[in-house]
$ cat structure_0.cif   # mmCIF, C-alpha atoms
data_model
#
loop_
_atom_site.group_PDB
_atom_site.id
_atom_site.type_symbol
_atom_site.label_atom_id
_atom_site.label_comp_id
_atom_site.auth_asym_id
_atom_site.auth_seq_id
_atom_site.Cartn_x
_atom_site.Cartn_y
_atom_site.Cartn_z
ATOM 1 C CA MET A 1 -40.168 15.207 34.464
ATOM 2 C CA THR A 2 -39.353 12.246 36.639
ATOM 3 C CA ALA A 3 -35.941 11.486 37.992
ATOM 4 C CA GLU A 4 -35.863 8.486 35.685
ATOM 5 C CA THR A 5 -36.185 10.552 32.546
ATOM 6 C CA LEU A 6 -33.414 12.818 33.766
ATOM 7 C CA ALA A 7 -31.086 9.929 34.572
ATOM 8 C CA PRO A 8 -27.864 10.433 32.670
ATOM 9 C CA GLN A 9 -27.080 8.038 29.859
ATOM 10 C CA THR A 10 -23.558 7.343 28.706
ATOM 11 C CA GLN A 11 -22.501 9.589 25.868
ATOM 12 C CA ASP A 12 -22.130 6.808 23.347
ATOM 13 C CA ASP A 13 -25.639 5.385 23.717
ATOM 14 C CA HIS A 14 -27.459 8.706 23.700
ATOM 15 C CA PRO A 15 -29.442 8.760 20.447
ATOM 16 C CA ASP A 16 -28.655 12.409 19.708
ATOM 17 C CA MET A 17 -24.994 12.276 20.643
ATOM 18 C CA ASN A 18 -23.658 11.285 17.225
ATOM 19 C CA ASP A 19 -25.748 13.942 15.567
ATOM 20 C CA MET A 20 -24.462 16.575 18.000
ATOM 21 C CA ARG A 21 -20.867 15.539 17.321
ATOM 22 C CA LYS A 22 -21.401 15.845 13.584
ATOM 23 C CA ILE A 23 -23.020 19.253 13.978
ATOM 24 C CA ALA A 24 -20.067 20.379 16.090
ATOM 25 C CA MET A 25 -17.578 19.001 13.573
ATOM 26 C CA TRP A 26 -19.232 20.699 10.582
ATOM 27 C CA ALA A 27 -19.418 23.996 12.506
ATOM 28 C CA PHE A 28 -15.723 23.610 13.386
ATOM 29 C CA LEU A 29 -14.836 22.963 9.741
ATOM 30 C CA GLY A 30 -16.850 26.016 8.697
ATOM 31 C CA SER A 31 -14.837 28.118 11.154
ATOM 32 C CA GLU A 32 -11.611 26.597 9.810
ATOM 33 C CA CYS A 33 -12.558 27.938 6.359
ATOM 34 C CA LEU A 34 -12.316 31.422 7.843
ATOM 35 C CA PHE A 35 -9.034 30.608 9.602
ATOM 36 C CA PHE A 36 -7.304 29.382 6.449
ATOM 37 C CA GLY A 37 -9.056 32.081 4.411
ATOM 38 C CA SER A 38 -7.334 34.723 6.531
ATOM 39 C CA LEU A 39 -3.916 33.081 6.055
ATOM 40 C CA ILE A 40 -4.381 32.689 2.286
ATOM 41 C CA THR A 41 -5.514 36.322 2.024
ATOM 42 C CA THR A 42 -2.441 37.482 3.949
ATOM 43 C CA PHE A 43 -0.248 35.493 1.559
ATOM 44 C CA LEU A 44 -1.952 37.060 -1.477
ATOM 45 C CA VAL A 45 -1.465 40.568 -0.063
ATOM 46 C CA TYR A 46 2.255 39.995 0.623
ATOM 47 C CA ARG A 47 3.181 37.606 -2.177
ATOM 48 C CA THR A 48 5.078 40.218 -4.174
ATOM 49 C CA ARG A 49 6.823 41.811 -1.181
ATOM 50 C CA THR A 50 9.984 39.756 -1.325
ATOM 51 C CA GLY A 51 12.464 42.436 -0.258
ATOM 52 C CA ASP A 52 16.003 41.201 -0.938
ATOM 53 C CA GLY A 53 14.930 37.570 -0.628
ATOM 54 C CA PRO A 54 13.955 35.088 -3.335
ATOM 55 C CA SER A 55 10.494 35.132 -4.921
ATOM 56 C CA ALA A 56 8.025 32.308 -5.508
ATOM 57 C CA ALA A 57 9.214 31.855 -9.097
ATOM 58 C CA ASP A 58 12.834 31.451 -7.870
ATOM 59 C CA LEU A 59 11.948 28.801 -5.326
ATOM 60 C CA PHE A 60 8.934 26.694 -6.144
ATOM 61 C CA ASP A 61 9.535 23.235 -7.581
ATOM 62 C CA ILE A 62 6.147 22.481 -9.128
ATOM 63 C CA PRO A 63 6.805 18.818 -10.085
ATOM 64 C CA PHE A 64 7.895 18.055 -6.507
ATOM 65 C CA THR A 65 4.894 19.824 -4.942
ATOM 66 C CA SER A 66 2.583 18.127 -7.462
ATOM 67 C CA VAL A 67 3.740 14.729 -6.227
ATOM 68 C CA SER A 68 3.144 15.853 -2.610
ATOM 69 C CA SER A 69 -0.336 17.051 -3.578
ATOM 70 C CA PHE A 70 -1.080 13.763 -5.307
ATOM 71 C CA ILE A 71 -0.014 11.851 -2.173
ATOM 72 C CA LEU A 72 -2.299 13.929 0.055
ATOM 73 C CA LEU A 73 -5.147 13.516 -2.425
ATOM 74 C CA MET A 74 -4.706 9.744 -2.386
ATOM 75 C CA SER A 75 -4.696 9.782 1.425
ATOM 76 C CA SER A 76 -8.287 11.043 1.175
ATOM 77 C CA LEU A 77 -9.084 7.889 -0.791
ATOM 78 C CA THR A 78 -7.555 5.615 1.871
ATOM 79 C CA MET A 79 -9.389 7.612 4.561
ATOM 80 C CA VAL A 80 -12.783 7.203 2.925
ATOM 81 C CA LEU A 81 -12.062 3.481 2.474
ATOM 82 C CA ALA A 82 -11.260 3.277 6.217
ATOM 83 C CA HIS A 83 -14.598 4.892 6.971
ATOM 84 C CA HIS A 84 -16.375 2.532 4.586
ATOM 85 C CA SER A 85 -14.769 -0.445 6.360
ATOM 86 C CA ALA A 86 -15.866 0.988 9.723
ATOM 87 C CA THR A 87 -19.485 1.278 8.566
ATOM 88 C CA ARG A 88 -19.320 -2.431 7.620
ATOM 89 C CA LYS A 89 -17.712 -3.185 11.024
ATOM 90 C CA ASP A 90 -14.703 -4.673 9.254
ATOM 91 C CA TRP A 91 -12.288 -3.431 11.922
ATOM 92 C CA ARG A 92 -9.185 -5.177 10.597
ATOM 93 C CA GLN A 93 -9.610 -3.610 7.146
ATOM 94 C CA MET A 94 -10.395 -0.279 8.787
ATOM 95 C CA ARG A 95 -7.091 -0.344 10.690
ATOM 96 C CA VAL A 96 -5.175 -1.140 7.489
ATOM 97 C CA TRP A 97 -6.648 1.885 5.714
ATOM 98 C CA LEU A 98 -6.178 4.132 8.771
ATOM 99 C CA VAL A 99 -2.483 3.250 8.970
ATOM 100 C CA ALA A 100 -2.140 3.683 5.178
ATOM 101 C CA THR A 101 -3.670 7.164 5.502
ATOM 102 C CA ALA A 102 -1.295 8.044 8.345
ATOM 103 C CA LEU A 103 1.689 6.828 6.300
ATOM 104 C CA LEU A 104 0.658 8.932 3.293
ATOM 105 C CA GLY A 105 0.241 11.911 5.644
ATOM 106 C CA MET A 106 3.759 11.334 6.978
ATOM 107 C CA VAL A 107 5.159 11.178 3.437
ATOM 108 C CA PHE A 108 3.459 14.503 2.703
ATOM 109 C CA LEU A 109 4.917 16.012 5.894
ATOM 110 C CA SER A 110 8.384 14.713 5.008
ATOM 111 C CA GLY A 111 8.063 16.447 1.637
ATOM 112 C CA GLN A 112 7.085 19.663 3.362
ATOM 113 C CA VAL A 113 10.046 19.473 5.746
ATOM 114 C CA PHE A 114 12.355 18.831 2.756
ATOM 115 C CA GLU A 115 10.833 21.788 0.882
ATOM 116 C CA PHE A 116 11.177 24.125 3.880
ATOM 117 C CA THR A 117 14.810 23.067 4.328
ATOM 118 C CA GLU A 118 15.541 23.774 0.653
ATOM 119 C CA PHE A 119 13.917 27.203 0.871
ATOM 120 C CA VAL A 120 15.957 28.114 3.948
ATOM 121 C CA HIS A 121 19.155 27.048 2.142
ATOM 122 C CA GLU A 122 18.153 29.278 -0.767
ATOM 123 C CA GLY A 123 17.687 32.269 1.521
ATOM 124 C CA LEU A 124 13.985 32.323 2.392
ATOM 125 C CA THR A 125 13.201 32.198 6.096
ATOM 126 C CA VAL A 126 10.193 33.318 8.093
ATOM 127 C CA THR A 127 11.931 36.674 8.741
ATOM 128 C CA THR A 128 13.394 37.308 5.258
ATOM 129 C CA SER A 129 10.387 39.145 3.845
ATOM 130 C CA PRO A 130 6.612 39.514 4.207
ATOM 131 C CA PHE A 131 6.351 36.914 1.419
ATOM 132 C CA GLY A 132 8.466 34.462 3.455
ATOM 133 C CA SER A 133 6.496 35.114 6.652
ATOM 134 C CA SER A 134 3.098 34.649 5.048
ATOM 135 C CA PHE A 135 4.236 31.570 3.098
ATOM 136 C CA PHE A 136 5.729 29.764 6.101
ATOM 137 C CA VAL A 137 2.832 30.654 8.416
ATOM 138 C CA LEU A 138 0.217 29.432 5.909
ATOM 139 C CA THR A 139 1.937 26.204 4.882
ATOM 140 C CA GLY A 140 3.235 25.644 8.438
ATOM 141 C CA PHE A 141 -0.259 25.823 9.916
ATOM 142 C CA HIS A 142 -1.491 23.447 7.242
ATOM 143 C CA GLY A 143 1.374 21.075 8.058
ATOM 144 C CA ALA A 144 0.468 21.285 11.761
ATOM 145 C CA HIS A 145 -3.102 20.272 10.870
ATOM 146 C CA VAL A 146 -1.765 17.298 8.895
ATOM 147 C CA ALA A 147 0.474 16.310 11.842
ATOM 148 C CA ILE A 148 -2.504 16.435 14.234
ATOM 149 C CA GLY A 149 -4.473 14.306 11.762
ATOM 150 C CA VAL A 150 -1.676 11.724 11.609
ATOM 151 C CA LEU A 151 -1.636 11.513 15.418
ATOM 152 C CA LEU A 152 -5.427 11.082 15.520
ATOM 153 C CA LEU A 153 -5.277 8.350 12.873
ATOM 154 C CA LEU A 154 -2.513 6.412 14.620
ATOM 155 C CA THR A 155 -4.186 6.791 18.030
ATOM 156 C CA THR A 156 -7.494 5.519 16.646
ATOM 157 C CA ALA A 157 -5.819 2.586 14.898
ATOM 158 C CA PHE A 158 -3.913 1.718 18.101
ATOM 159 C CA HIS A 159 -7.015 1.978 20.312
ATOM 160 C CA SER A 160 -8.975 -0.155 17.868
ATOM 161 C CA TYR A 161 -6.197 -2.757 17.801
ATOM 162 C CA SER A 162 -6.066 -2.916 21.605
ATOM 163 C CA GLY A 163 -9.864 -3.325 21.763
ATOM 164 C CA ARG A 164 -10.508 -0.061 23.594
ATOM 165 C CA LEU A 165 -12.641 1.501 20.914
ATOM 166 C CA ARG A 166 -15.473 -0.845 20.136
ATOM 167 C CA GLN A 167 -18.396 1.398 21.018
ATOM 168 C CA GLY A 168 -18.761 4.398 18.769
ATOM 169 C CA GLU A 169 -15.746 3.342 16.709
ATOM 170 C CA GLY A 170 -17.407 4.083 13.391
ATOM 171 C CA MET A 171 -18.342 7.586 14.527
ATOM 172 C CA ASN A 172 -14.769 8.289 15.683
ATOM 173 C CA VAL A 173 -13.464 7.276 12.276
ATOM 174 C CA GLU A 174 -16.081 9.425 10.583
ATOM 175 C CA MET A 175 -15.072 12.496 12.637
ATOM 176 C CA ILE A 176 -11.378 11.983 11.884
ATOM 177 C CA GLY A 177 -12.278 11.400 8.239
ATOM 178 C CA LEU A 178 -14.114 14.720 7.995
ATOM 179 C CA TYR A 179 -11.117 16.477 9.541
ATOM 180 C CA TRP A 180 -8.686 14.709 7.212
ATOM 181 C CA HIS A 181 -10.669 15.473 4.054
ATOM 182 C CA PHE A 182 -10.889 19.098 5.151
ATOM 183 C CA VAL A 183 -7.094 19.239 5.469
ATOM 184 C CA ASP A 184 -6.974 17.825 1.934
ATOM 185 C CA ILE A 185 -9.342 20.433 0.455
ATOM 186 C CA VAL A 186 -7.373 23.223 2.108
ATOM 187 C CA TRP A 187 -4.265 21.897 0.358
ATOM 188 C CA ILE A 188 -6.168 21.811 -2.962
ATOM 189 C CA VAL A 189 -6.668 25.573 -2.576
ATOM 190 C CA ILE A 190 -3.114 26.237 -1.326
ATOM 191 C CA PHE A 191 -1.577 24.218 -4.169
ATOM 192 C CA THR A 192 -3.458 26.270 -6.766
ATOM 193 C CA VAL A 193 -3.319 29.737 -5.199
ATOM 194 C CA VAL A 194 0.123 29.641 -3.559
ATOM 195 C CA TYR A 195 2.052 27.431 -5.973
ATOM 196 C CA LEU A 196 0.529 27.132 -9.448
ATOM 197 C CA LEU A 197 -0.700 30.714 -9.814
ATOM 198 C CA GLN A 198 2.572 32.244 -8.575
ATOM 199 C CA VAL A 199 5.052 30.654 -11.002
ATOM 200 C CA MET B 1 -23.173 8.140 7.559
ATOM 201 C CA SER B 2 -26.289 9.819 6.392
ATOM 202 C CA ASP B 3 -29.923 9.945 7.324
ATOM 203 C CA SER B 4 -31.017 9.981 3.740
ATOM 204 C CA ASN B 5 -31.976 6.985 1.633
ATOM 205 C CA GLN B 6 -30.012 8.106 -1.375
ATOM 206 C CA HIS B 7 -27.519 5.840 -3.109
ATOM 207 C CA GLN B 8 -24.359 5.556 -1.021
ATOM 208 C CA PRO B 9 -21.011 5.339 -2.816
ATOM 209 C CA THR B 10 -19.197 2.012 -2.968
ATOM 210 C CA PRO B 11 -15.405 1.485 -2.787
ATOM 211 C CA ARG B 12 -15.427 1.265 -6.596
ATOM 212 C CA ASP B 13 -17.030 4.741 -6.742
ATOM 213 C CA TYR B 14 -14.308 6.066 -4.419
ATOM 214 C CA TRP B 15 -11.547 4.688 -6.652
ATOM 215 C CA ILE B 16 -13.179 6.301 -9.701
ATOM 216 C CA VAL B 17 -13.442 9.632 -7.854
ATOM 217 C CA ALA B 18 -9.762 9.361 -6.845
ATOM 218 C CA LEU B 19 -8.817 8.688 -10.467
ATOM 219 C CA ILE B 20 -10.742 11.777 -11.600
ATOM 220 C CA LEU B 21 -8.971 13.854 -8.930
ATOM 221 C CA ALA B 22 -5.580 12.536 -10.062
ATOM 222 C CA VAL B 23 -6.360 13.375 -13.698
ATOM 223 C CA ILE B 24 -7.436 16.923 -12.779
ATOM 224 C CA THR B 25 -4.243 17.409 -10.728
ATOM 225 C CA GLY B 26 -2.157 16.228 -13.692
ATOM 226 C CA ALA B 27 -4.031 18.612 -16.004
ATOM 227 C CA GLU B 28 -3.435 21.494 -13.576
ATOM 228 C CA VAL B 29 0.307 20.936 -13.650
ATOM 229 C CA ALA B 30 0.311 20.455 -17.436
ATOM 230 C CA ILE B 31 -1.454 23.742 -18.207
ATOM 231 C CA THR B 32 0.971 25.589 -15.911
ATOM 232 C CA TYR B 33 3.706 24.678 -18.414
ATOM 233 C CA ALA B 34 1.621 25.356 -21.563
ATOM 234 C CA ASP B 35 2.826 28.755 -22.834
ATOM 235 C CA ALA B 36 0.007 28.933 -25.391
ATOM 236 C CA LEU B 37 -2.552 29.047 -22.565
ATOM 237 C CA ASP B 38 -0.922 31.923 -20.661
ATOM 238 C CA SER B 39 -3.922 34.233 -20.957
ATOM 239 C CA VAL B 40 -6.431 31.691 -19.628
ATOM 240 C CA VAL B 41 -4.269 29.699 -17.237
ATOM 241 C CA ALA B 42 -5.476 31.467 -14.051
ATOM 242 C CA PRO B 43 -9.221 30.968 -14.616
ATOM 243 C CA MET B 44 -8.608 27.388 -15.747
ATOM 244 C CA LEU B 45 -6.592 26.594 -12.608
ATOM 245 C CA ILE B 46 -9.228 28.169 -10.370
ATOM 246 C CA ALA B 47 -11.997 26.201 -12.108
ATOM 247 C CA MET B 48 -10.059 22.928 -11.780
ATOM 248 C CA SER B 49 -9.290 23.607 -8.131
ATOM 249 C CA ALA B 50 -12.976 24.357 -7.478
ATOM 250 C CA ALA B 51 -13.928 21.111 -9.213
ATOM 251 C CA LYS B 52 -11.521 19.088 -7.026
ATOM 252 C CA PHE B 53 -12.751 20.879 -3.909
ATOM 253 C CA THR B 54 -16.395 20.135 -4.765
ATOM 254 C CA ILE B 55 -15.699 16.486 -5.585
ATOM 255 C CA VAL B 56 -13.846 15.850 -2.289
ATOM 256 C CA VAL B 57 -16.493 17.641 -0.207
ATOM 257 C CA GLY B 58 -19.382 15.987 -2.051
ATOM 258 C CA TYR B 59 -18.143 12.401 -2.313
ATOM 259 C CA PHE B 60 -15.356 11.822 0.229
ATOM 260 C CA MET B 61 -16.945 13.984 2.949
ATOM 261 C CA HIS B 62 -20.389 12.704 1.877
ATOM 262 C CA LEU B 63 -21.903 16.180 2.034
ATOM 263 C CA LYS B 64 -23.871 15.324 -1.118
ATOM 264 C CA TYR B 65 -25.725 12.694 0.906
ATOM 265 C CA GLU B 66 -25.854 14.447 4.276
ATOM 266 C CA ARG B 67 -28.529 16.430 6.088
ATOM 267 C CA LYS B 68 -29.002 20.034 4.971
ATOM 268 C CA LEU B 69 -28.086 21.220 8.468
ATOM 269 C CA TYR B 70 -24.492 19.966 8.096
ATOM 270 C CA ARG B 71 -24.257 21.389 4.601
ATOM 271 C CA ASN B 72 -25.466 24.792 5.770
ATOM 272 C CA LEU B 73 -23.068 24.925 8.725
ATOM 273 C CA PHE B 74 -20.154 24.297 6.387
ATOM 274 C CA LEU B 75 -21.479 26.669 3.731
ATOM 275 C CA ILE B 76 -21.622 29.548 6.229
ATOM 276 C CA GLY B 77 -17.833 29.413 6.561
ATOM 277 C CA LEU B 78 -17.274 28.521 2.943
ATOM 278 C CA ILE B 79 -19.269 31.493 1.651
ATOM 279 C CA ALA B 80 -18.212 33.951 4.361
ATOM 280 C CA ALA B 81 -14.499 33.339 3.713
ATOM 281 C CA PRO B 82 -14.339 34.470 0.050
ATOM 282 C CA VAL B 83 -16.777 37.340 0.674
ATOM 283 C CA LEU B 84 -14.870 38.701 3.683
ATOM 284 C CA PHE B 85 -11.411 38.125 2.315
ATOM 285 C CA GLY B 86 -12.393 39.185 -1.196
ATOM 286 C CA ALA B 87 -13.288 42.543 0.349
ATOM 287 C CA VAL B 88 -9.908 42.628 2.113
ATOM 288 C CA LEU B 89 -8.060 41.821 -1.113
ATOM 289 C CA PHE B 90 -10.073 44.461 -2.959
ATOM 290 C CA SER B 91 -9.217 47.073 -0.324
ATOM 291 C CA PHE B 92 -5.503 46.189 -0.690
ATOM 292 C CA GLY B 93 -5.827 46.514 -4.456
ATOM 293 C CA VAL B 94 -4.856 42.888 -5.034
ATOM 294 C CA LEU B 95 -7.944 42.083 -7.104
ATOM 295 C CA ILE B 96 -7.588 45.182 -9.280
ATOM 296 C CA GLY B 97 -3.922 44.645 -10.046
ATOM 297 C CA ASN B 98 -2.324 47.383 -7.903
#

$ encode --input "structure_0.cif" --output "structure tokens"
Amino acid sequence: MTAETLAPQTQDDHPDMNDMRKIAMWAFLGSECLFFGSLITTFLVYRTRTGDGPSAADLFDIPFTSVSSFILLMSSLTMVLAHHSATRKDWRQMRVWLVATALLGMVFLSGQVFEFTEFVHEGLTVTTSPFGSSFFVLTGFHGAHVAIGVLLLLTTAFHSYSGRLRQGEGMNVEMIGLYWHFVDIVWIVIFTVVYLLQV
Amino acid sequence: MSDSNQHQPTPRDYWIVALILAVITGAEVAITYADALDSVVAPMLIAMSAAKFTIVVGYFMHLKYERKLYRNLFLIGLIAAPVLFGAVLFSFGVLIGN
């Protein structure tokens, strides 16, 4: 090989770079299935061990959580529309949908904070019982994933607005989109297994 | 997004998919309150949840249109999780009602 063929290219213009990023992202999401699988399994093992604390049936407000779930589900729609705008290089529209997705994510997080506060007032904390521990750890980790997603969305929208993200912008949005949709599908499982099947 | 030449969804398709997801979510909540369905509510909820999961992964994450390599990487985790944790739940007696 000549020195010329070994000359480094910038990451963004390397033809295989986008493919490598997508491979890495899908492998990461596959590993996240195992991470959340372990937390959901722990919840299922301990769901009836409530000790002296309240149980799921005493606490869960299904209509409220249904609205939260609907909001997160709709944020997947705004996210995919942001990605669609990015593929058409309609950056202004892309930023609108990115910010809309972040706002929906923040509404979901606000609902989760409200729910956690209510549960604590009703006597369920992370140390009350194995049920409380497994519930707060599972839903807390999911909430942390949503919070990270919101930060990524707002950062991308801001960078795009300030013109710092032109090259590879569509791929960045696609990566964040995959992450965001994954957070949504994890909630689909949590909503059914943790909430609907326990009341 | 994809290397394939298959039909790519349009914004209209995404809105239709979102509507279907909203309807399924509404149905999930409704059957939770339907006393007459008590004996079948769990399998129905699991089936509806699986349907929503598949729709989001297939259409919003575009896995339906993506290379097999991506699909397989995701499927490794997706299949390993229920197998591994199903075994854990079985060993704790959760799946056999202990």

$ interface_residues --input "structure_0.cif" --of "chain A" --to "chain B" --cutoff "6 Å" --atoms "all atoms listed in the file" --output "compact mmCIF listing (two decimals) with C-alpha atoms, in the frame of the given file"
# COMPACT_ATOMS: atom_id res chain seq x y z
CA TRP A 26 -19.23 20.70 10.58
CA ALA A 27 -19.42 24.00 12.51
CA GLY A 30 -16.85 26.02 8.70
CA SER A 31 -14.84 28.12 11.15
CA CYS A 33 -12.56 27.94 6.36
CA LEU A 34 -12.32 31.42 7.84
CA GLY A 37 -9.06 32.08 4.41
CA VAL A 80 -12.78 7.20 2.92
CA LEU A 178 -14.11 14.72 8.00
CA ILE A 185 -9.34 20.43 0.46

$ atom_distance --input "structure_0.cif" --atom1 "atom CA of Thr117 of chain A" --atom2 "atom CA of Ile148 of chain A"
21.0 Å

$ atom_distance --input "structure_0.cif" --atom1 "atom CA of Met171 of chain A" --atom2 "atom CA of Ala144 of chain A"
23.4 Å

$ resolve_selection --input "structure_0.cif" --expression "the PyMOL selection byres ((chain A and resi 176) around 12)" --output "number ranges by chain"
A: 21-22, 25-26, 29, 76, 79-80, 82-83, 98, 101-102, 145-146, 148-157, 169-175, 177-183; B: 61

$ atom_distance --input "structure_0.cif" --atom1 "atom CA of Asp61 of chain A" --atom2 "atom CA of Tyr195 of chain A"
8.7 Å

$ residues_around --input "structure_0.cif" --residues "Asp58 of chain A" --least-positions-apart "6" --cutoff "12 Å" --atoms "only C-alpha atoms" --output "ChimeraX atom specification"
/A:50,118-119,122-124,195,198-199

$ decode --input "structure_0.cif" --residues "segment 35-56 of chain A" --atoms "N, CA and C atoms" --output "PDB file, in the first residue's frame"
ATOM      1  N   PHE A  35     -30.070  -5.203  28.857  1.00  0.00           N
ATOM      2  CA  PHE A  35     -30.046  -4.350  30.049  1.00  0.00           C
ATOM      3  C   PHE A  35     -31.463  -4.168  30.611  1.00  0.00           C
ATOM      4  N   PHE A  36     -32.387  -3.746  29.755  1.00  0.00           N
ATOM      5  CA  PHE A  36     -33.751  -3.527  30.236  1.00  0.00           C
ATOM      6  C   PHE A  36     -34.441  -4.860  30.539  1.00  0.00           C
ATOM      7  N   GLY A  37     -34.054  -5.909  29.805  1.00  0.00           N
ATOM      8  CA  GLY A  37     -34.606  -7.237  30.099  1.00  0.00           C
ATOM      9  C   GLY A  37     -34.290  -7.645  31.525  1.00  0.00           C
ATOM     10  N   SER A  38     -33.062  -7.365  31.967  1.00  0.00           N
ATOM     11  CA  SER A  38     -32.679  -7.743  33.336  1.00  0.00           C
ATOM     12  C   SER A  38     -33.484  -6.938  34.361  1.00  0.00           C
ATOM     13  N   LEU A  39     -33.730  -5.666  34.093  1.00  0.00           N
ATOM     14  CA  LEU A  39     -34.494  -4.841  35.036  1.00  0.00           C
ATOM     15  C   LEU A  39     -35.968  -5.263  35.073  1.00  0.00           C
ATOM     16  N   ILE A  40     -36.531  -5.578  33.913  1.00  0.00           N
ATOM     17  CA  ILE A  40     -37.933  -6.011  33.863  1.00  0.00           C
ATOM     18  C   ILE A  40     -38.085  -7.359  34.575  1.00  0.00           C
ATOM     19  N   THR A  41     -37.114  -8.256  34.362  1.00  0.00           N
ATOM     20  CA  THR A  41     -37.153  -9.557  35.035  1.00  0.00           C
ATOM     21  C   THR A  41     -37.097  -9.381  36.549  1.00  0.00           C
ATOM     22  N   THR A  42     -36.209  -8.497  37.014  1.00  0.00           N
ATOM     23  CA  THR A  42     -36.104  -8.258  38.457  1.00  0.00           C
ATOM     24  C   THR A  42     -37.433  -7.743  38.999  1.00  0.00           C
ATOM     25  N   PHE A  43     -38.075  -6.841  38.243  1.00  0.00           N
ATOM     26  CA  PHE A  43     -39.383  -6.342  38.686  1.00  0.00           C
ATOM     27  C   PHE A  43     -40.388  -7.484  38.781  1.00  0.00           C
ATOM     28  N   LEU A  44     -40.409  -8.369  37.775  1.00  0.00           N
ATOM     29  CA  LEU A  44     -41.391  -9.460  37.776  1.00  0.00           C
ATOM     30  C   LEU A  44     -41.162 -10.414  38.948  1.00  0.00           C
ATOM     31  N   VAL A  45     -39.885 -10.622  39.298  1.00  0.00           N
ATOM     32  CA  VAL A  45     -39.578 -11.520  40.424  1.00  0.00           C
ATOM     33  C   VAL A  45     -40.073 -10.907  41.742  1.00  0.00           C
ATOM     34  N   TYR A  46     -39.905  -9.583  41.879  1.00  0.00           N
ATOM     35  CA  TYR A  46     -40.206  -8.926  43.165  1.00  0.00           C
ATOM     36  C   TYR A  46     -41.552  -8.207  43.205  1.00  0.00           C
ATOM     37  N   ARG A  47     -42.343  -8.322  42.171  1.00  0.00           N
ATOM     38  CA  ARG A  47     -43.546  -7.479  42.086  1.00  0.00           C
ATOM     39  C   ARG A  47     -44.551  -7.727  43.208  1.00  0.00           C
ATOM     40  N   THR A  48     -44.549  -8.932  43.752  1.00  0.00           N
ATOM     41  CA  THR A  48     -45.516  -9.228  44.819  1.00  0.00           C
ATOM     42  C   THR A  48     -44.919  -9.029  46.210  1.00  0.00           C
ATOM     43  N   ARG A  49     -43.632  -8.755  46.284  1.00  0.00           N
ATOM     44  CA  ARG A  49     -42.978  -8.605  47.596  1.00  0.00           C
ATOM     45  C   ARG A  49     -43.067  -7.143  48.047  1.00  0.00           C
ATOM     46  N   THR A  50     -44.225  -6.796  48.556  1.00  0.00           N
ATOM     47  CA  THR A  50     -44.479  -5.399  48.900  1.00  0.00           C
ATOM     48  C   THR A  50     -44.227  -5.098  50.372  1.00  0.00           C
ATOM     49  N   GLY A  51     -43.995  -6.123  51.172  1.00  0.00           N
ATOM     50  CA  GLY A  51     -43.764  -5.892  52.604  1.00  0.00           C
ATOM     51  C   GLY A  51     -44.944  -5.165  53.215  1.00  0.00           C
ATOM     52  N   ASP A  52     -44.658  -4.117  54.000  1.00  0.00           N
ATOM     53  CA  ASP A  52     -45.731  -3.316  54.606  1.00  0.00           C
ATOM     54  C   ASP A  52     -46.149  -2.155  53.706  1.00  0.00           C
ATOM     55  N   GLY A  53     -45.497  -2.032  52.571  1.00  0.00           N
ATOM     56  CA  GLY A  53     -45.778  -0.893  51.681  1.00  0.00           C
ATOM     57  C   GLY A  53     -46.939  -1.174  50.754  1.00  0.00           C
ATOM     58  N   PRO A  54     -47.343  -0.151  49.994  1.00  0.00           N
ATOM     59  CA  PRO A  54     -48.454  -0.321  49.045  1.00  0.00           C
ATOM     60  C   PRO A  54     -48.065  -1.214  47.862  1.00  0.00           C
ATOM     61  N   SER A  55     -49.092  -1.798  47.235  1.00  0.00           N
ATOM     62  CA  SER A  55     -48.843  -2.660  46.066  1.00  0.00           C
ATOM     63  C   SER A  55     -49.136  -1.875  44.778  1.00  0.00           C
ATOM     64  N   ALA A  56     -48.895  -2.535  43.652  1.00  0.00           N
ATOM     65  CA  ALA A  56     -49.141  -1.889  42.361  1.00  0.00           C
ATOM     66  C   ALA A  56     -50.605  -1.482  42.222  1.00  0.00           C
TER      67      ALA A  56
END
